[in-house]
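Visitor: Handing over run28.tsv, TSV, C-alpha atoms.
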```
chain	number	residue	atom	x	y	z
A	1	PRO	CA	0.00	0.00	0.00
A	2	ALA	CA	1.01	3.60	-0.55
A	3	ILE	CA	2.59	5.37	2.40
A	4	PHE	CA	1.82	9.01	3.11
A	5	ALA	CA	3.64	11.57	5.27
A	6	PRO	CA	3.05	15.31	5.68
A	7	ILE	CA	5.41	18.11	4.70
A	8	PRO	CA	4.88	21.27	6.78
A	9	ALA	CA	3.83	24.32	4.74
A	10	ALA	CA	6.78	26.26	6.24
A	11	ALA	CA	9.15	23.82	4.49
A	12	ILE	CA	7.80	24.51	0.97
A	13	ARG	CA	9.76	26.95	-1.21
A	14	PRO	CA	9.47	28.14	-4.81
A	15	SER	CA	12.15	27.37	-7.40
A	16	PRO	CA	14.86	28.46	-7.74
A	17	ALA	CA	15.56	27.83	-4.06
A	18	LEU	CA	18.52	28.10	-1.75
A	19	TRP	CA	18.16	25.28	0.76
A	20	PRO	CA	19.66	26.30	4.13
A	21	ALA	CA	22.60	24.38	5.58
A	22	ALA	CA	21.08	24.33	9.07
A	23	GLY	CA	19.23	21.06	9.57
A	24	SER	CA	20.37	19.74	6.19
A	25	ARG	CA	22.69	16.87	7.05
A	26	LEU	CA	21.96	14.60	4.06
A	27	ARG	CA	21.01	17.09	1.30
A	28	GLY	CA	18.89	14.67	-0.71
A	29	ALA	CA	16.46	15.39	-3.52
A	30	GLU	CA	13.94	13.45	-5.58
A	31	LEU	CA	12.40	14.80	-8.80
A	32	GLU	CA	8.62	14.44	-8.64
A	33	ILE	CA	5.32	15.69	-9.96
A	34	ALA	CA	3.23	17.42	-7.34
A	35	PHE	CA	-0.38	18.50	-7.63
A	36	ARG	CA	-1.56	21.79	-6.16
A	37	ILE	CA	-5.18	21.60	-5.07
A	38	ASP	CA	-6.92	24.64	-6.56
A	39	ALA	CA	-10.58	23.90	-5.82
A	40	PRO	CA	-12.65	21.69	-3.50
A	41	LEU	CA	-12.19	18.05	-4.48
A	42	PRO	CA	-15.08	15.90	-5.75
A	43	PRO	CA	-16.43	13.06	-3.63
A	44	ALA	CA	-14.66	9.77	-4.35
A	45	ASP	CA	-17.94	8.09	-5.26
A	46	ALA	CA	-18.88	10.67	-7.91
A	47	ALA	CA	-19.51	9.11	-11.33
A	48	ASP	CA	-17.25	11.74	-12.92
A	49	PHE	CA	-14.65	11.69	-10.11
A	50	LEU	CA	-11.50	11.50	-12.26
A	51	PRO	CA	-12.26	14.37	-14.69
A	52	ARG	CA	-13.48	16.55	-11.81
A	53	LEU	CA	-10.32	15.75	-9.84
A	54	ALA	CA	-8.16	16.70	-12.85
A	55	ALA	CA	-10.02	19.99	-13.18
A	56	ALA	CA	-9.44	20.79	-9.48
A	57	VAL	CA	-5.63	20.42	-9.48
A	58	THR	CA	-2.57	21.83	-11.22
A	59	PRO	CA	0.55	19.73	-11.83
A	60	LEU	CA	3.85	21.23	-10.65
A	61	PRO	CA	7.43	20.01	-10.96
A	62	ALA	CA	8.93	19.46	-7.52
A	63	PHE	CA	11.99	18.39	-5.64
A	64	GLU	CA	11.19	16.57	-2.44
A	65	ILE	CA	14.09	17.49	-0.19
A	66	LEU	CA	15.32	14.56	1.87
A	67	ASP	CA	16.91	14.53	5.28
A	68	SER	CA	16.54	12.43	8.37
A	69	ARG	CA	16.76	12.66	12.07
A	70	LEU	CA	17.69	8.95	12.18
A	71	GLN	CA	21.32	7.84	12.31
A	72	ASP	CA	20.90	5.28	9.49
A	73	PRO	CA	17.57	5.95	7.75
A	74	ARG	CA	18.10	3.52	4.86
A	75	ASN	CA	18.36	0.58	7.26
A	76	ALA	CA	15.81	1.74	9.83
A	77	ALA	CA	12.60	-0.16	10.52
A	78	PRO	CA	9.66	1.01	8.38
A	79	LEU	CA	7.73	2.48	11.33
A	80	ARG	CA	10.80	4.49	12.40
A	81	VAL	CA	11.09	5.90	8.86
A	82	LEU	CA	7.37	6.73	8.91
A	83	ALA	CA	7.83	8.51	12.27
A	84	ASP	CA	10.66	10.43	10.58
A	85	SER	CA	8.12	11.67	7.97
A	86	GLN	CA	9.53	9.32	5.31
A	87	MET	CA	12.78	11.34	5.30
A	88	ASN	CA	11.08	14.42	3.89
A	89	ALA	CA	12.54	17.73	4.96
A	90	GLY	CA	10.71	20.00	2.54
A	91	LEU	CA	9.60	20.69	-0.98
A	92	VAL	CA	10.82	22.97	-3.78
A	93	CYS	CA	8.10	23.61	-6.36
A	94	GLY	CA	8.53	24.94	-9.87
A	95	ALA	CA	6.04	27.27	-11.51
A	96	ALA	CA	2.81	25.97	-12.98
A	97	SER	CA	2.82	25.53	-16.75
A	98	ASP	CA	0.57	27.70	-18.87
A	99	GLY	CA	-0.62	24.84	-21.05
A	100	ARG	CA	-3.44	22.38	-20.75
A	101	TRP	CA	-2.61	18.91	-19.49
A	102	GLN	CA	-4.12	15.44	-19.34
A	103	PRO	CA	-3.43	12.88	-16.57
A	104	ALA	CA	-1.79	10.51	-19.09
A	105	ASP	CA	0.80	13.20	-19.96
A	106	PHE	CA	2.81	12.14	-16.90
A	107	ASP	CA	2.48	8.34	-17.09
A	108	ARG	CA	6.02	7.98	-18.53
A	109	PRO	CA	7.43	11.46	-19.19
A	110	ASP	CA	10.95	12.34	-20.24
A	111	VAL	CA	12.82	13.56	-17.16
A	112	PHE	CA	16.19	15.22	-16.73
A	113	LEU	CA	18.16	15.56	-13.49
A	114	LYS	CA	21.53	17.29	-13.28
A	115	ALA	CA	23.87	18.29	-10.45
A	116	GLY	CA	26.53	20.74	-11.57
A	117	ASP	CA	27.86	19.27	-14.82
A	118	SER	CA	26.82	15.68	-13.99
A	119	VAL	CA	23.69	14.31	-15.64
A	120	LEU	CA	22.09	11.86	-13.20
A	121	CYS	CA	18.98	10.92	-15.16
A	122	ALA	CA	17.78	11.59	-18.70
A	123	GLY	CA	14.97	9.91	-20.59
A	124	PRO	CA	11.57	8.35	-20.04
A	125	ALA	CA	10.73	7.46	-16.45
A	126	SER	CA	7.85	6.00	-14.50
A	127	LEU	CA	6.88	5.63	-10.88
A	128	PRO	CA	7.10	2.21	-9.25
A	129	GLY	CA	3.75	2.63	-7.47
A	130	GLY	CA	1.61	3.72	-10.43
A	131	THR	CA	1.09	6.92	-12.37
A	132	PRO	CA	1.20	10.33	-10.68
A	133	PHE	CA	-2.49	11.06	-11.28
A	134	ALA	CA	-3.58	7.57	-10.18
A	135	LEU	CA	-1.59	7.99	-6.95
A	136	LEU	CA	-3.23	11.36	-6.34
A	137	ALA	CA	-6.67	9.81	-6.91
A	138	GLU	CA	-5.81	6.98	-4.50
A	139	LEU	CA	-4.81	9.47	-1.80
A	140	VAL	CA	-8.00	11.50	-2.28
A	141	CYS	CA	-10.12	8.35	-2.07
A	142	ARG	CA	-8.31	7.03	1.00
A	143	CYS	CA	-8.27	10.32	2.89
A	144	GLY	CA	-11.88	11.25	2.31
A	145	ASP	CA	-12.71	13.81	4.96
A	146	HIS	CA	-10.26	12.43	7.54
A	147	CYS	CA	-8.96	15.42	9.54
A	148	GLY	CA	-10.83	17.72	7.16
A	149	GLY	CA	-9.58	16.02	4.00
A	150	LEU	CA	-7.37	17.65	1.40
A	151	GLN	CA	-7.99	21.36	0.96
A	152	PRO	CA	-7.37	24.01	-1.71
A	153	GLY	CA	-3.86	25.41	-1.41
A	154	GLN	CA	-2.33	22.11	-0.28
A	155	ILE	CA	0.25	20.32	-2.44
A	156	VAL	CA	0.46	16.54	-2.90
A	157	THR	CA	3.61	14.84	-4.18
A	158	THR	CA	3.39	11.52	-5.98
A	159	GLY	CA	6.80	9.81	-5.81
A	160	SER	CA	10.22	10.00	-7.35
A	161	PHE	CA	10.94	9.56	-11.04
A	162	THR	CA	14.69	9.57	-10.36
A	163	GLY	CA	15.17	7.79	-7.03
A	164	MET	CA	17.02	9.29	-4.08
A	165	HIS	CA	20.15	11.29	-4.76
A	166	PHE	CA	22.34	12.99	-2.16
A	167	PHE	CA	24.58	15.98	-2.81
A	168	ALA	CA	27.54	17.87	-1.39
A	169	ALA	CA	27.10	21.23	0.25
A	170	GLY	CA	27.08	23.95	-2.41
A	171	ALA	CA	25.65	21.69	-5.13
A	172	THR	CA	23.04	23.12	-7.51
A	173	VAL	CA	20.55	20.54	-8.71
A	174	SER	CA	18.32	21.21	-11.71
A	175	GLY	CA	15.47	19.13	-13.04
A	176	ARG	CA	12.91	19.02	-15.79
A	177	ILE	CA	9.85	16.89	-16.46
A	178	ALA	CA	8.43	17.04	-20.00
A	179	GLY	CA	5.45	19.38	-20.15
A	180	LEU	CA	6.39	21.22	-16.94
A	181	THR	CA	8.67	24.15	-16.14
A	182	PRO	CA	12.31	23.52	-15.12
A	183	LEU	CA	13.28	23.89	-11.46
A	184	SER	CA	16.42	24.09	-9.33
A	185	VAL	CA	17.68	24.04	-5.77
A	186	THR	CA	21.09	24.91	-4.37
A	187	PHE	CA	22.19	23.33	-1.11
A	188	ALA	CA	23.92	26.04	0.93
A	189	ASP	CA	27.46	25.50	2.22
```
Show how you would write the structure in this file as structure tokens.

Guide:
Amino acid sequence: PAIFAPIPAAAIRPSPALWPAAGSRLRGAELEIAFRIDAPLPPADAADFLPRLAAAVTPLPAFEILDSRLQDPRNAAPLRVLADSQMNAGLVCGAASDGRWQPADFDRPDVFLKAGDSVLCAGPASLPGGTPFALLAELVCRCGDHCGGLQPGQIVTTGSFTGMHFFAAGATVSGRIAGLTPLSVTFAD
């Protein structure tokens, strides 16, 4: 089953971003598609749930910033990692695209991830847990109105196209997902 963890709103920054050195021990990033909720979401049992959901959200390129309070997060027990918010430390979001989009646009998009002069990923990519829009729909259906449900203004990430990558202090990481705007983050020294 999918695992969900919150990212505090105070830890979300627009691209290009300078990620502070304080509290940034691991300096990790994953290139993802996020969805900004722009309007109240339809009920999960609505006959036209999927098109109404697509009309209520905007896709954004995003870097999920990774860090951990655990000594060895990769070998920690799953519940410890969940208590550590799945290693998320924040989110850097690129600008929304001006164009129209369809959920299938992001099923297997071309992605590009670069740190300095090193290309880390280039070409078509997919998510191991499903497609970005299907994962969003699953979250909406599973959350329902729990704790008030998902609300306009919130951002939902959907998983990494590039896997986890960790960087040295001072590194600038840039990414691009076909159909979305480019984004970047620099990890402060």

Visitor: List as a list in words the protein and nucleic acid residues near segment 119-123 of chain A, meaning an atom at most 10 Å away when all atoms listed in the file are counted, but skip any in the same chain fewer than 4 places from it.

Guide: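 Here the answer would be Leu31, Arg108, Pro109, Asp110, Val111, Phe112, Leu113, Lys114, Ala115, Phe161, Thr162, Gly163, His165, Val173, Ser174, Gly175, Arg176, Ile177 and Ala178 of chain A.
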
Visitor: So that I can check the surroundings of Ala55 of chain A, please list as a compact mmCIF listing (two decimals) with C-alpha atoms, keeping the file's coordinate frame every protein, DNA and RNA residue that reaches within 12 Å of it, counting all atoms listed in the file and ignoring chain neighbours fewer than 5 positions away.

Guide:
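What ended up in result_22.txt:
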```
# COMPACT_ATOMS: atom_id res chain seq x y z
CA PHE A 35 -0.38 18.50 -7.63
CA ARG A 36 -1.56 21.79 -6.16
CA ILE A 37 -5.18 21.60 -5.07
CA ASP A 38 -6.92 24.64 -6.56
CA ALA A 39 -10.58 23.90 -5.82
CA PRO A 40 -12.65 21.69 -3.50
CA LEU A 41 -12.19 18.05 -4.48
CA PRO A 42 -15.08 15.90 -5.75
CA ASP A 48 -17.25 11.74 -12.92
CA PHE A 49 -14.65 11.69 -10.11
CA LEU A 50 -11.50 11.50 -12.26
CA ARG A 100 -3.44 22.38 -20.75
CA TRP A 101 -2.61 18.91 -19.49
CA GLN A 102 -4.12 15.44 -19.34
CA PRO A 103 -3.43 12.88 -16.57
CA PHE A 133 -2.49 11.06 -11.28
```

Visitor: Kindly assemble as CSV a list of the segment 80-146 of chain A residues that lie within 10 Å of segment 20-30 of chain A, each paired with its nearest atom pair and their distance in Å to one decimal, using all atoms listed in the file, sorted first by chain and then by ascending residue number.

Guide:
```
residue,atom,partner,partner_atom,distance
A:Met87,CA,A:Gly28,CA,9.2
A:Asn88,CA,A:Gly28,CA,9.1
A:Ala89,CA,A:Ser24,CA,8.2
A:Gly90,CA,A:Ala29,CA,9.5
A:Leu91,CA,A:Ala29,CA,9.0
A:Val92,CA,A:Ala29,CA,9.5
A:Leu113,CA,A:Glu30,CA,9.2
```

Visitor: Can you measure atom CA of Ala5 of chain A to atom CA of Arg52 of chain A for me? One decimal in Å is fine.

Guide: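 Atom CA of Arg52 of chain A lies at a distance of 24.7 Å from atom CA of Ala5 of chain A.
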
Visitor: Enter the distance from atom CA of Ile3 of chain A to atom CA of Ala56 of chain A, in Å, rounded to one decimal.

Guide: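 Answer for the atom CA of Ile3 of chain A to atom CA of Ala56 of chain A separation: 22.9 Å.
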
Visitor: Using all atoms listed in the file for the distances, tell me which of A:Leu183, A:Ala171, A:Ala62, A:Ala188 is nearest to Asp117 of chain A.

Guide: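 That would be A:Ala171, the residue with the smallest distance to Asp117 of chain A.
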
Visitor: Would you mind telling me which residue in A:Val156, A:Ile7, A:Ala44, A:Ala125 lies nearest to Arg142 of chain A when using only C-alpha atoms?

Guide: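 Ranking A:Val156, A:Ile7, A:Ala44, A:Ala125 by distance to Arg142 of chain A, first place goes to A:Ala44.
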
Visitor: Please, what distance in Å, to one decimal, runs between atom CA of Ala47 of chain A and atom CA of Ala104 of chain A?

Guide: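 These two atoms are separated by 19.4 Å.
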